[in-house]
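Here is the file final-v4.pdb (PDB, C-alpha atoms).
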```pdb
ATOM      1  CA  MET Z 175      18.005  16.116  -9.658  1.00  0.00           C
ATOM      2  CA  THR Z 176      19.059  12.503  -9.352  1.00  0.00           C
ATOM      3  CA  GLY Z 177      17.563   9.677  -7.312  1.00  0.00           C
ATOM      4  CA  LYS Z 178      20.533   9.881  -4.945  1.00  0.00           C
ATOM      5  CA  GLU Z 179      19.880  13.594  -4.390  1.00  0.00           C
ATOM      6  CA  ILE Z 180      16.218  12.867  -3.615  1.00  0.00           C
ATOM      7  CA  LYS Z 181      17.362  10.103  -1.235  1.00  0.00           C
ATOM      8  CA  LYS Z 182      19.624  12.609   0.546  1.00  0.00           C
ATOM      9  CA  LYS Z 183      16.759  15.124   0.852  1.00  0.00           C
ATOM     10  CA  LEU Z 184      14.552  12.427   2.385  1.00  0.00           C
ATOM     11  CA  GLU Z 185      17.242  11.381   4.860  1.00  0.00           C
ATOM     12  CA  ASP Z 186      17.898  15.011   5.839  1.00  0.00           C
ATOM     13  CA  LYS Z 187      14.184  15.715   6.323  1.00  0.00           C
ATOM     14  CA  PHE Z 188      13.139  12.536   8.172  1.00  0.00           C
ATOM     15  CA  GLY Z 189      16.363  11.304   9.757  1.00  0.00           C
ATOM     16  CA  ASP Z 190      16.057   7.974  11.520  1.00  0.00           C
ATOM     17  CA  ARG Z 191      12.241   7.914  11.131  1.00  0.00           C
ATOM     18  CA  ILE Z 192      12.845   6.258   7.748  1.00  0.00           C
ATOM     19  CA  SER Z 193      15.499   4.241   5.987  1.00  0.00           C
ATOM     20  CA  VAL Z 194      16.111   4.582   2.264  1.00  0.00           C
ATOM     21  CA  GLU Z 195      17.683   1.762   0.284  1.00  0.00           C
ATOM     22  CA  GLN Z 196      18.660   1.698  -3.348  1.00  0.00           C
ATOM     23  CA  GLY Z 197      17.033  -1.082  -5.348  1.00  0.00           C
ATOM     24  CA  ALA Z 198      18.559  -3.491  -7.831  1.00  0.00           C
ATOM     25  CA  ILE Z 199      18.779  -0.743 -10.441  1.00  0.00           C
ATOM     26  CA  ASP Z 200      20.171   2.790 -10.074  1.00  0.00           C
ATOM     27  CA  LYS Z 201      16.823   4.511 -10.441  1.00  0.00           C
ATOM     28  CA  GLN Z 202      14.841   2.475  -7.920  1.00  0.00           C
ATOM     29  CA  PHE Z 203      14.647   3.311  -4.196  1.00  0.00           C
ATOM     30  CA  PHE Z 204      12.715   1.885  -1.246  1.00  0.00           C
ATOM     31  CA  ILE Z 205      11.680   3.989   1.742  1.00  0.00           C
ATOM     32  CA  LEU Z 206      10.901   2.010   4.887  1.00  0.00           C
ATOM     33  CA  VAL Z 207       8.690   4.090   7.191  1.00  0.00           C
ATOM     34  CA  LYS Z 208       9.464   2.865  10.692  1.00  0.00           C
ATOM     35  CA  ASP Z 209       6.413   4.338  12.438  1.00  0.00           C
ATOM     36  CA  ILE Z 210       3.098   4.142  10.588  1.00  0.00           C
ATOM     37  CA  ARG Z 211       2.174   7.616  11.886  1.00  0.00           C
ATOM     38  CA  ASP Z 212       4.933   9.137   9.713  1.00  0.00           C
ATOM     39  CA  ASN Z 213       3.528   7.716   6.484  1.00  0.00           C
ATOM     40  CA  ARG Z 214       1.400  10.728   5.529  1.00  0.00           C
ATOM     41  CA  ASP Z 215       4.326  13.110   6.103  1.00  0.00           C
ATOM     42  CA  VAL Z 216       6.553  11.105   3.753  1.00  0.00           C
ATOM     43  CA  VAL Z 217       3.827  10.891   1.087  1.00  0.00           C
ATOM     44  CA  ARG Z 218       3.105  14.626   1.422  1.00  0.00           C
ATOM     45  CA  TYR Z 219       6.792  15.525   1.134  1.00  0.00           C
ATOM     46  CA  LEU Z 220       7.333  13.433  -1.993  1.00  0.00           C
ATOM     47  CA  PHE Z 221       4.081  14.463  -3.669  1.00  0.00           C
ATOM     48  CA  LYS Z 222       3.638  18.111  -2.689  1.00  0.00           C
ATOM     49  CA  GLU Z 223       7.173  19.349  -2.084  1.00  0.00           C
ATOM     50  CA  LEU Z 224       9.338  17.258  -4.400  1.00  0.00           C
ATOM     51  CA  GLY Z 225       6.766  16.814  -7.181  1.00  0.00           C
ATOM     52  CA  ALA Z 226       6.486  13.036  -7.351  1.00  0.00           C
ATOM     53  CA  ARG Z 227       3.556  11.372  -9.106  1.00  0.00           C
ATOM     54  CA  MET Z 228       1.811   8.462  -7.434  1.00  0.00           C
ATOM     55  CA  ASN Z 229       1.727   5.567  -9.890  1.00  0.00           C
ATOM     56  CA  ILE Z 230      -0.168   3.038  -7.801  1.00  0.00           C
ATOM     57  CA  MET Z 231      -0.376   1.420  -4.397  1.00  0.00           C
ATOM     58  CA  THR Z 232      -0.081  -2.278  -3.763  1.00  0.00           C
ATOM     59  CA  GLY Z 233      -0.724  -4.527  -0.803  1.00  0.00           C
ATOM     60  CA  ILE Z 234       1.063  -7.685   0.296  1.00  0.00           C
ATOM     61  CA  ASP Z 235      -0.421  -9.839   3.041  1.00  0.00           C
ATOM     62  CA  THR Z 236       2.293 -11.123   5.372  1.00  0.00           C
ATOM     63  CA  ARG Z 237       2.044 -13.070   8.609  1.00  0.00           C
ATOM     64  CA  ASN Z 238       2.452  -9.903  10.706  1.00  0.00           C
ATOM     65  CA  GLY Z 239       0.307  -7.511   8.722  1.00  0.00           C
ATOM     66  CA  VAL Z 240      -0.416  -6.033   5.338  1.00  0.00           C
ATOM     67  CA  GLU Z 241       2.489  -4.251   3.730  1.00  0.00           C
ATOM     68  CA  ILE Z 242       1.285  -1.198   1.820  1.00  0.00           C
ATOM     69  CA  LEU Z 243       3.574   0.022  -0.956  1.00  0.00           C
ATOM     70  CA  TYR Z 244       3.170   3.515  -2.401  1.00  0.00           C
ATOM     71  CA  HIS Z 245       4.929   3.665  -5.779  1.00  0.00           C
ATOM     72  CA  MET Z 246       5.926   7.284  -6.454  1.00  0.00           C
ATOM     73  CA  SER Z 247       7.717   8.261  -9.638  1.00  0.00           C
ATOM     74  CA  PHE Z 248       9.756  11.260 -10.619  1.00  0.00           C
ATOM     75  CA  ASP Z 249       9.221  11.191 -14.358  1.00  0.00           C
ATOM     76  CA  LYS Z 250      11.537  14.082 -15.200  1.00  0.00           C
ATOM     77  CA  TYR Z 251      14.349  12.507 -13.147  1.00  0.00           C
ATOM     78  CA  ASN Z 252      13.607   8.981 -14.390  1.00  0.00           C
ATOM     79  CA  CYS Z 253      13.467   7.336 -10.954  1.00  0.00           C
ATOM     80  CA  ILE Z 254      10.907   5.706  -8.686  1.00  0.00           C
ATOM     81  CA  PHE Z 255      10.585   5.650  -4.901  1.00  0.00           C
ATOM     82  CA  THR Z 256       8.476   3.022  -3.180  1.00  0.00           C
ATOM     83  CA  ILE Z 257       7.284   3.811   0.342  1.00  0.00           C
ATOM     84  CA  LYS Z 258       6.819   0.649   2.423  1.00  0.00           C
ATOM     85  CA  VAL Z 259       4.607   0.597   5.519  1.00  0.00           C
ATOM     86  CA  LEU Z 260       3.544  -2.435   7.546  1.00  0.00           C
ATOM     87  CA  VAL Z 261      -0.049  -2.230   8.789  1.00  0.00           C
ATOM     88  CA  LYS Z 262      -0.354  -4.630  11.737  1.00  0.00           C
ATOM     89  CA  LYS Z 263      -2.937  -7.389  12.067  1.00  0.00           C
ATOM     90  CA  PRO Z 264      -5.475  -8.442  13.285  1.00  0.00           C
ATOM     91  CA  PHE Z 265      -7.263  -5.159  12.487  1.00  0.00           C
ATOM     92  CA  PRO Z 266      -5.120  -3.387   9.868  1.00  0.00           C
ATOM     93  CA  SER Z 267      -5.729   0.347   9.772  1.00  0.00           C
ATOM     94  CA  ILE Z 268      -3.816   3.321   8.381  1.00  0.00           C
ATOM     95  CA  ASP Z 269      -4.573   6.976   7.701  1.00  0.00           C
ATOM     96  CA  SER Z 270      -5.875   7.704   4.206  1.00  0.00           C
ATOM     97  CA  ILE Z 271      -3.789   9.857   1.875  1.00  0.00           C
ATOM     98  CA  THR Z 272      -6.744  10.921  -0.292  1.00  0.00           C
ATOM     99  CA  ASP Z 273      -6.597  14.512   0.947  1.00  0.00           C
ATOM    100  CA  ILE Z 274      -2.950  14.661  -0.217  1.00  0.00           C
ATOM    101  CA  VAL Z 275      -3.238  12.528  -3.379  1.00  0.00           C
ATOM    102  CA  PRO Z 276      -6.857  12.621  -4.616  1.00  0.00           C
ATOM    103  CA  GLY Z 277      -6.127   9.817  -7.091  1.00  0.00           C
ATOM    104  CA  ALA Z 278      -5.579   7.429  -4.178  1.00  0.00           C
ATOM    105  CA  LYS Z 279      -9.344   7.132  -3.563  1.00  0.00           C
ATOM    106  CA  TRP Z 280      -9.877   4.184  -5.893  1.00  0.00           C
ATOM    107  CA  ILE Z 281      -6.805   2.171  -4.962  1.00  0.00           C
ATOM    108  CA  GLU Z 282      -7.439   2.588  -1.224  1.00  0.00           C
ATOM    109  CA  ARG Z 283     -10.934   1.227  -1.812  1.00  0.00           C
ATOM    110  CA  GLU Z 284      -9.514  -1.709  -3.738  1.00  0.00           C
ATOM    111  CA  ILE Z 285      -6.938  -2.523  -1.039  1.00  0.00           C
ATOM    112  CA  TYR Z 286      -9.713  -2.307   1.565  1.00  0.00           C
ATOM    113  CA  GLU Z 287     -11.829  -4.711  -0.453  1.00  0.00           C
ATOM    114  CA  LEU Z 288      -9.043  -7.230  -1.034  1.00  0.00           C
ATOM    115  CA  TYR Z 289      -7.230  -7.127   2.339  1.00  0.00           C
ATOM    116  CA  ASP Z 290      -9.648  -5.457   4.821  1.00  0.00           C
ATOM    117  CA  VAL Z 291      -7.240  -2.574   5.494  1.00  0.00           C
ATOM    118  CA  LYS Z 292      -9.229   0.344   6.909  1.00  0.00           C
ATOM    119  CA  PHE Z 293      -8.102   3.709   5.550  1.00  0.00           C
ATOM    120  CA  LYS Z 294      -9.070   6.179   8.282  1.00  0.00           C
ATOM    121  CA  GLY Z 295     -10.455   9.418   6.873  1.00  0.00           C
ATOM    122  CA  HIS Z 296     -11.259   8.003   3.434  1.00  0.00           C
ATOM    123  CA  PRO Z 297     -14.328   9.863   2.091  1.00  0.00           C
ATOM    124  CA  GLU Z 298     -16.102   6.774   0.711  1.00  0.00           C
ATOM    125  CA  LEU Z 299     -14.529   3.533   1.912  1.00  0.00           C
ATOM    126  CA  ILE Z 300     -16.917   1.078   0.298  1.00  0.00           C
ATOM    127  CA  PRO Z 301     -16.118  -1.951  -1.876  1.00  0.00           C
ATOM    128  CA  LEU Z 302     -15.179  -1.104  -5.414  1.00  0.00           C
ATOM    129  CA  LEU Z 303     -15.471  -4.440  -7.230  1.00  0.00           C
ATOM    130  CA  ARG Z 304     -17.306  -6.793  -4.891  1.00  0.00           C
ATOM    131  CA  SER Z 305     -20.524  -8.311  -6.115  1.00  0.00           C
ATOM    132  CA  ASP Z 306     -23.616  -8.085  -3.946  1.00  0.00           C
ATOM    133  CA  THR Z 307     -23.536 -11.851  -3.502  1.00  0.00           C
ATOM    134  CA  ARG Z 308     -20.041 -11.992  -1.977  1.00  0.00           C
ATOM    135  CA  PRO Z 309     -20.063 -12.315   1.825  1.00  0.00           C
ATOM    136  CA  ALA Z 310     -19.158  -9.084   3.617  1.00  0.00           C
ATOM    137  CA  ASP Z 311     -16.395 -10.828   5.568  1.00  0.00           C
ATOM    138  CA  TYR Z 312     -14.700 -12.218   2.477  1.00  0.00           C
ATOM    139  CA  PHE Z 313     -11.428 -10.466   1.649  1.00  0.00           C
ATOM    140  CA  PRO Z 314      -9.901 -12.664  -1.073  1.00  0.00           C
ATOM    141  CA  PHE Z 315      -6.238 -11.687  -0.701  1.00  0.00           C
ATOM    142  CA  GLN Z 316      -6.039 -12.211   3.076  1.00  0.00           C
ATOM    143  CA  ARG Z 317      -3.871 -15.160   4.047  1.00  0.00           C
ATOM    144  CA  GLU Z 318      -6.355 -16.295   6.673  1.00  0.00           C
ATOM    145  CA  VAL Z 319      -9.325 -16.141   4.296  1.00  0.00           C
ATOM    146  CA  LYS Z 320      -7.553 -18.177   1.630  1.00  0.00           C
ATOM    147  CA  GLU Z 321      -7.215 -21.049   4.063  1.00  0.00           C
ATOM    148  CA  SER Z 322     -10.471 -21.012   6.018  1.00  0.00           C
ATOM    149  CA  HIS Z 323     -13.428 -19.124   4.520  1.00  0.00           C
ATOM    150  CA  PRO Z 324     -16.440 -21.349   3.762  1.00  0.00           C
ATOM    151  CA  THR Z 325     -16.713 -19.938   0.235  1.00  0.00           C
ATOM    152  CA  ILE Z 326     -13.246 -21.152  -0.716  1.00  0.00           C
ATOM    153  CA  ARG Z 327     -13.199 -24.045  -3.147  1.00  0.00           C
ATOM    154  CA  THR Z 328     -10.833 -26.860  -2.292  1.00  0.00           C
ATOM    155  CA  LYS Z 329      -8.931 -28.964  -4.786  1.00  0.00           C
ATOM    156  CA  GLU Z 330     -10.884 -31.988  -3.582  1.00  0.00           C
ATOM    157  CA  ALA Z 331     -14.193 -30.297  -4.412  1.00  0.00           C
ATOM    158  CA  GLU Z 332     -12.923 -29.311  -7.840  1.00  0.00           C
ATOM    159  CA  MET Z 333     -11.824 -32.884  -8.514  1.00  0.00           C
ATOM    160  CA  LYS Z 334     -15.282 -34.221  -7.605  1.00  0.00           C
ATOM    161  CA  GLU Z 335     -16.880 -31.834 -10.115  1.00  0.00           C
ATOM    162  CA  LYS Z 336     -14.736 -33.194 -12.968  1.00  0.00           C
TER
END
```
Is it possible to express this structure as structure tokens?
Amino acid sequence: MTGKEIKKKLEDKFGDRISVEQGAIDKQFFILVKDIRDNRDVVRYLFKELGARMNIMTGIDTRNGVEILYHMSFDKYNCIFTIKVLVKKPFPSIDSITDIVPGAKWIEREIYELYDVKFKGHPELIPLLRSDTRPADYFPFQREVKESHPTIRTKEAEMKEK
């Protein structure tokens, strides 16, 4: 099966609930999930029915929300599909996929810790890397935190230390 055949299967299954775009290279595709409630269905279809492997998830903090990217590869077909979902601010929350992809437990915890995205239904949504001394409201990759949290070091403070 080719990436274009997988793209066609996705479009047939989900219709206008998603849009699928080819990336800069032939074997790269991006799936934009229009309604966040459809995310689990798309993940389930790729993982359980089409046999994709989840490589990793990433988060990108934007002005409107946190974009969650699920990078799913089809190793035997040599192509990768990235599911893109925007989780709206100010309280970003999305359903966990850990019951579909057990390996997502760690990366959902990491995204929670870095961006404060709540993964509803996650079995153990606690910080993964945070030290006990870091403030509970400190999420280092949030745009707002980078600019205003009292623990942030400014360039002026660093200059005074030198």
Can you give me, as a PDB file with C-alpha atoms, in the frame of the given file, the residues this file yields under the PyMOL selection byres ((chain Z and resi 283) around 12)?
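Contents of expr18.pdb, freshly written:
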```pdb
ATOM      1  CA  MET Z 231      -0.376   1.420  -4.397  1.00  0.00           C
ATOM      2  CA  THR Z 232      -0.081  -2.278  -3.763  1.00  0.00           C
ATOM      3  CA  GLY Z 233      -0.724  -4.527  -0.803  1.00  0.00           C
ATOM      4  CA  SER Z 270      -5.875   7.704   4.206  1.00  0.00           C
ATOM      5  CA  ILE Z 271      -3.789   9.857   1.875  1.00  0.00           C
ATOM      6  CA  THR Z 272      -6.744  10.921  -0.292  1.00  0.00           C
ATOM      7  CA  GLY Z 277      -6.127   9.817  -7.091  1.00  0.00           C
ATOM      8  CA  ALA Z 278      -5.579   7.429  -4.178  1.00  0.00           C
ATOM      9  CA  LYS Z 279      -9.344   7.132  -3.563  1.00  0.00           C
ATOM     10  CA  TRP Z 280      -9.877   4.184  -5.893  1.00  0.00           C
ATOM     11  CA  ILE Z 281      -6.805   2.171  -4.962  1.00  0.00           C
ATOM     12  CA  GLU Z 282      -7.439   2.588  -1.224  1.00  0.00           C
ATOM     13  CA  GLU Z 284      -9.514  -1.709  -3.738  1.00  0.00           C
ATOM     14  CA  ILE Z 285      -6.938  -2.523  -1.039  1.00  0.00           C
ATOM     15  CA  TYR Z 286      -9.713  -2.307   1.565  1.00  0.00           C
ATOM     16  CA  GLU Z 287     -11.829  -4.711  -0.453  1.00  0.00           C
ATOM     17  CA  LEU Z 288      -9.043  -7.230  -1.034  1.00  0.00           C
ATOM     18  CA  TYR Z 289      -7.230  -7.127   2.339  1.00  0.00           C
ATOM     19  CA  ASP Z 290      -9.648  -5.457   4.821  1.00  0.00           C
ATOM     20  CA  VAL Z 291      -7.240  -2.574   5.494  1.00  0.00           C
ATOM     21  CA  LYS Z 292      -9.229   0.344   6.909  1.00  0.00           C
ATOM     22  CA  PHE Z 293      -8.102   3.709   5.550  1.00  0.00           C
ATOM     23  CA  LYS Z 294      -9.070   6.179   8.282  1.00  0.00           C
ATOM     24  CA  GLY Z 295     -10.455   9.418   6.873  1.00  0.00           C
ATOM     25  CA  HIS Z 296     -11.259   8.003   3.434  1.00  0.00           C
ATOM     26  CA  PRO Z 297     -14.328   9.863   2.091  1.00  0.00           C
ATOM     27  CA  GLU Z 298     -16.102   6.774   0.711  1.00  0.00           C
ATOM     28  CA  LEU Z 299     -14.529   3.533   1.912  1.00  0.00           C
ATOM     29  CA  ILE Z 300     -16.917   1.078   0.298  1.00  0.00           C
ATOM     30  CA  PRO Z 301     -16.118  -1.951  -1.876  1.00  0.00           C
ATOM     31  CA  LEU Z 302     -15.179  -1.104  -5.414  1.00  0.00           C
ATOM     32  CA  LEU Z 303     -15.471  -4.440  -7.230  1.00  0.00           C
ATOM     33  CA  ARG Z 304     -17.306  -6.793  -4.891  1.00  0.00           C
TER      34      ARG Z 304
END
```
Query - Point-to-point distance in Å for CA of Lys258 in chain Z and CA of Phe204 in chain Z - result: 7.1 Å
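Selection result for the displayed file, with the PyMOL selection byres ((chain Z and resi 183) around 12) as criterion, is Met175, Thr176, Gly177, Lys178, Glu179, Ile180, Lys181, Lys182, Leu184, Glu185, Asp186, Lys187, Phe188, Gly189, Ile192, Val194, Val216, Tyr219, Leu220, Glu223 and Leu224 of chain Z.
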Requested in this report: Please measure the separation of CA of His245 in chain Z and CA of Phe221 in chain Z, giving the value in Å to one decimal.
Outcome: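 For CA of His245 in chain Z relative to CA of Phe221 in chain Z, the distance reads 11.0 Å.
Here the question is which of Z:Ile234, Z:Met228, Z:Ile254, Z:Val261 gets nearest to Pro276 in chain Z using all atoms listed in the file, and that residue is Z:Met228.
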Report task. One decimal, Å: what's the distance from CA of Asp212 in chain Z over to CA of Ile199 in chain Z, could you say? Result ->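 That distance, rounded to one decimal, is 26.4 Å.
Among the candidates Z:Lys263, Z:Asn229, Z:Lys208, Z:Thr236, the residue lying nearest to Val275 in chain Z is Z:Asn229 (atoms considered: all atoms listed in the file).
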**Report entry** Minimum-distance residue to Pro264 in chain Z, chosen among Z:Ser193, Z:Asn213, Z:Gln202, Z:Asn238 (using all atoms listed in the file)
**Finding:** Z:Asn238
Query raised in the report: From the list Z:Ile205, Z:Arg191, Z:Arg308, Z:Asp200, which residue is nearest Phe255 in chain Z when using only C-alpha atoms?
Result: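 Of all the options, Z:Ile205 lies closest to Phe255 in chain Z.
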Mind listing as a short mmCIF file (atom, residue, chain, number, x, y, z; two decimals) with C-alpha atoms, in the coordinates of the input all residues within 7 Å of (4.8, 3.8, 1.8), counting all atoms listed in the file?
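Result written to result_3.cif:
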```cif
data_model
loop_
_atom_site.label_atom_id
_atom_site.label_comp_id
_atom_site.auth_asym_id
_atom_site.auth_seq_id
_atom_site.Cartn_x
_atom_site.Cartn_y
_atom_site.Cartn_z
CA ILE Z 205 11.68 3.99 1.74
CA VAL Z 207 8.69 4.09 7.19
CA ASN Z 213 3.53 7.72 6.48
CA ILE Z 242 1.28 -1.20 1.82
CA LEU Z 243 3.57 0.02 -0.96
CA TYR Z 244 3.17 3.52 -2.40
CA THR Z 256 8.48 3.02 -3.18
CA ILE Z 257 7.28 3.81 0.34
CA LYS Z 258 6.82 0.65 2.42
CA VAL Z 259 4.61 0.60 5.52
#
```
